[in-house]
Amino acid sequence: EDKVVQSPLSLVVHEGDTVTLNCSYEVTNFRSLLWYKQEKKAPTFLFMLTSSGIEKKSGRLSSILDKKELFSILNITATQTGDSAVYLCAVDYLGNTPLVFGKGTRLSVIA
Amino acid sequence: DGGITQSPKYLFRKEGQNVTLSCEQNLNHDAMYWYRQDPGQGLRLIYYSQIVNDFQKGDIAEGYSVSREKKESFPLTVTSAQKNPTAFYLCASSIQSTDTYEQYFGPGTRLTVT
């Protein structure tokens with residue numbers, strides 16, 4: 001059975017800390033891995049990763065994929081309270097079929 | 001503006017009543033999806049549709065029904081057979097090309113059944 005596993009499920013850090021969120025997957029015919037940030041409503045797109053070893057960056061956020069070991073990490077440096085959210089990892093396989101989502105990591109950043 | 005709209009934002013119903021959640025998109029996406037989100041559960045797929053007049057069950061389809069009569073619209077009915085309907089419901093649509101895949105979400109409907 002295909003699955004996506006995120007860890008940790010929840011995390012509390014202080015402002016300024018650096019965090020690493022993990023996502024491992026077991027799917028056949030992998031195409032891409034996506035990261036989303038969800039605050040109170042709809043998830044918003046962060047990154048899509050298709051190739052191993054190529055880091056994607058957006059400000060203080062970065063992500064990388066390892067297709068050999070079947071995992072991805074999402075790094076957030078110099079965390080701010082506005083980074084508090086649920087971070088969702090999802091995997092696309094076989095194209096245009098539903099994404100398979102992990103349960104998410106709830107990040108809380110305290111001042 | 002292009003996007004996905006869901007209505008209503010909040011919905012309250014009595015147990016035993018069917019309720020229909022609206023989802024409309026003007027992104028010209030072929031595929032549309034319904035997810036349910038409960039605390040600590042991530043997103044669970046209810047139904048999806050890849051083309052008009054066709055849809056497939058997801059992981060938790062029991063107690064739900066959908067229709068896809070138009071490309072832009074994918075309404076979800078929560079029937080009285082759904083045992084725990086109180087949840088946050090997200091609609092999404094997607095587009096795929098040879099080298100990219102993007103899935104966009106609506107703002108969600110929070111359903112409370114008492």
# chains A, B, ... in the order shown; residues from 1 in each chain; ligands from 1
$ closest_atom_pairs --of "range 1-55 of chain A" --to "range 72-75 of chain A" --cutoff "12 Å" --atoms "only C-alpha atoms" --output "JSON lines"
{"residue": "A:Val4", "atom": "CA", "partner": "A:Ser72", "partner_atom": "CA", "distance": 10.7}
{"residue": "A:Val5", "atom": "CA", "partner": "A:Ser72", "partner_atom": "CA", "distance": 10.5}
{"residue": "A:Gln6", "atom": "CA", "partner": "A:Ser72", "partner_atom": "CA", "distance": 9.5}
{"residue": "A:Ser7", "atom": "CA", "partner": "A:Ile73", "partner_atom": "CA", "distance": 9.8}
{"residue": "A:Pro8", "atom": "CA", "partner": "A:Ile73", "partner_atom": "CA", "distance": 11.5}
{"residue": "A:Asp17", "atom": "CA", "partner": "A:Asn75", "partner_atom": "CA", "distance": 10.8}
{"residue": "A:Thr18", "atom": "CA", "partner": "A:Asn75", "partner_atom": "CA", "distance": 7.2}
{"residue": "A:Val19", "atom": "CA", "partner": "A:Asn75", "partner_atom": "CA", "distance": 5.7}
{"residue": "A:Thr20", "atom": "CA", "partner": "A:Asn75", "partner_atom": "CA", "distance": 4.6}
{"residue": "A:Leu21", "atom": "CA", "partner": "A:Leu74", "partner_atom": "CA", "distance": 5.0}
{"residue": "A:Asn22", "atom": "CA", "partner": "A:Ile73", "partner_atom": "CA", "distance": 4.7}
{"residue": "A:Cys23", "atom": "CA", "partner": "A:Ser72", "partner_atom": "CA", "distance": 5.2}
{"residue": "A:Ser24", "atom": "CA", "partner": "A:Ser72", "partner_atom": "CA", "distance": 6.4}
{"residue": "A:Tyr25", "atom": "CA", "partner": "A:Ser72", "partner_atom": "CA", "distance": 8.6}
{"residue": "A:Glu26", "atom": "CA", "partner": "A:Ser72", "partner_atom": "CA", "distance": 12.0}
{"residue": "A:Ser32", "atom": "CA", "partner": "A:Ser72", "partner_atom": "CA", "distance": 10.7}
{"residue": "A:Leu33", "atom": "CA", "partner": "A:Ser72", "partner_atom": "CA", "distance": 8.0}
{"residue": "A:Leu34", "atom": "CA", "partner": "A:Ser72", "partner_atom": "CA", "distance": 9.5}
{"residue": "A:Trp35", "atom": "CA", "partner": "A:Leu74", "partner_atom": "CA", "distance": 8.0}
{"residue": "A:Tyr36", "atom": "CA", "partner": "A:Leu74", "partner_atom": "CA", "distance": 10.3}
{"residue": "A:Lys37", "atom": "CA", "partner": "A:Leu74", "partner_atom": "CA", "distance": 10.9}
{"residue": "A:Leu46", "atom": "CA", "partner": "A:Leu74", "partner_atom": "CA", "distance": 9.9}
{"residue": "A:Phe47", "atom": "CA", "partner": "A:Leu74", "partner_atom": "CA", "distance": 9.3}
{"residue": "A:Met48", "atom": "CA", "partner": "A:Ser72", "partner_atom": "CA", "distance": 10.7}
{"residue": "A:Leu49", "atom": "CA", "partner": "A:Ser72", "partner_atom": "CA", "distance": 8.7}
{"residue": "A:Thr50", "atom": "CA", "partner": "A:Ser72", "partner_atom": "CA", "distance": 10.6}
{"residue": "A:Ser51", "atom": "CA", "partner": "A:Ser72", "partner_atom": "CA", "distance": 10.8}
{"residue": "A:Ser52", "atom": "CA", "partner": "A:Ser72", "partner_atom": "CA", "distance": 9.2}
{"residue": "A:Gly53", "atom": "CA", "partner": "A:Ser72", "partner_atom": "CA", "distance": 9.8}
{"residue": "A:Ile54", "atom": "CA", "partner": "A:Ser72", "partner_atom": "CA", "distance": 11.0}
{"residue": "A:Glu55", "atom": "CA", "partner": "A:Leu74", "partner_atom": "CA", "distance": 9.9}
$ interface_residues --of "chain A" --to "chain B" --cutoff "9 Å" --atoms "only C-alpha atoms" --output "list in words"
Leu9, Arg31, Ser32, Leu34, Lys41, Ala42, Pro43, Thr44, Phe45, Met48, Thr50, Leu88, Asp92, Gly95, Asn96, Thr97, Pro98, Leu99, Val100, Phe101, Gly102, Lys103, Gly104, Thr105 and Arg106 of chain A
$ write_last_selection --atoms "C-alpha atoms" --output "tab-separated table (two decimals), in the first residue's frame"
chain	number	residue	atom	x	y	z
A	9	LEU	CA	3.92	15.02	13.95
A	31	ARG	CA	6.66	11.60	-10.29
A	32	SER	CA	7.07	14.40	-7.78
A	34	LEU	CA	5.08	18.52	-3.02
A	41	LYS	CA	-7.64	27.33	5.83
A	42	ALA	CA	-6.52	25.97	2.49
A	43	PRO	CA	-3.01	24.60	2.05
A	44	THR	CA	-0.74	26.86	0.07
A	45	PHE	CA	1.90	25.49	-2.27
A	48	MET	CA	7.54	20.72	-5.96
A	50	THR	CA	11.15	15.98	-8.98
A	88	LEU	CA	1.95	18.86	4.52
A	92	ASP	CA	2.29	12.53	-7.06
A	95	GLY	CA	0.39	11.57	-13.19
A	96	ASN	CA	-3.00	13.24	-12.72
A	97	THR	CA	-4.10	10.83	-10.04
A	98	PRO	CA	-4.83	12.09	-6.53
A	99	LEU	CA	-1.88	13.18	-4.46
A	100	VAL	CA	-1.12	10.97	-1.49
A	101	PHE	CA	-0.76	13.15	1.60
A	102	GLY	CA	1.07	12.57	4.83
A	103	LYS	CA	-0.58	13.48	8.12
A	104	GLY	CA	1.37	16.71	8.39
A	105	THR	CA	3.75	18.24	10.90
A	106	ARG	CA	2.29	20.87	13.20
$ closest_residue --among "B:Leu27, B:Val52, B:Ala87, B:Ala61" --to "Thr114 in chain B" --atoms "only C-alpha atoms"
B:Ala87
$ residues_around --residues "range 66-68 of chain B" --least-positions-apart "4" --cutoff "7 Å" --atoms "only C-alpha atoms" --output "PyMOL selection string"
chain B and resi 52-54+73-77
$ select_by_dssp --residues "chain B" --states "strand (DSSP E)" --output "VMD selection string"
chain B and resid 4 to 7 10 to 13 19 to 25 31 to 37 43 to 51 54 to 57 64 to 66 76 to 78 87 to 96 101 to 105 109 to 113
$ atom_distance --atom1 "CA of Leu61 in chain A" --atom2 "CA of Gly16 in chain A"
13.1 Å
$ atom_distance --atom1 "CA of Val12 in chain A" --atom2 "CA of Ile110 in chain A"
7.4 Å
$ closest_residue --among "B:Tyr35, B:Asn28, B:Glu15, B:Gln82" --to "Gly3 in chain B" --atoms "only C-alpha atoms"
B:Asn28
$ residues_around --residues "Leu94 in chain A" --least-positions-apart "4" --cutoff "9 Å" --atoms "only C-alpha atoms" --output "number ranges by chain"
A: 28-31
$ residues_around --residues "Thr79 in chain B" --least-positions-apart "4" --cutoff "7 Å" --atoms "only C-alpha atoms" --output "list in words"
Gln17, Asn18, Val19, Gly63 and Tyr64 of chain B
$ closest_residue --among "B:Arg36, B:Gln25, B:Gly16, B:Asp59" --to "Ala81 in chain B" --atoms "only C-alpha atoms"
B:Gly16
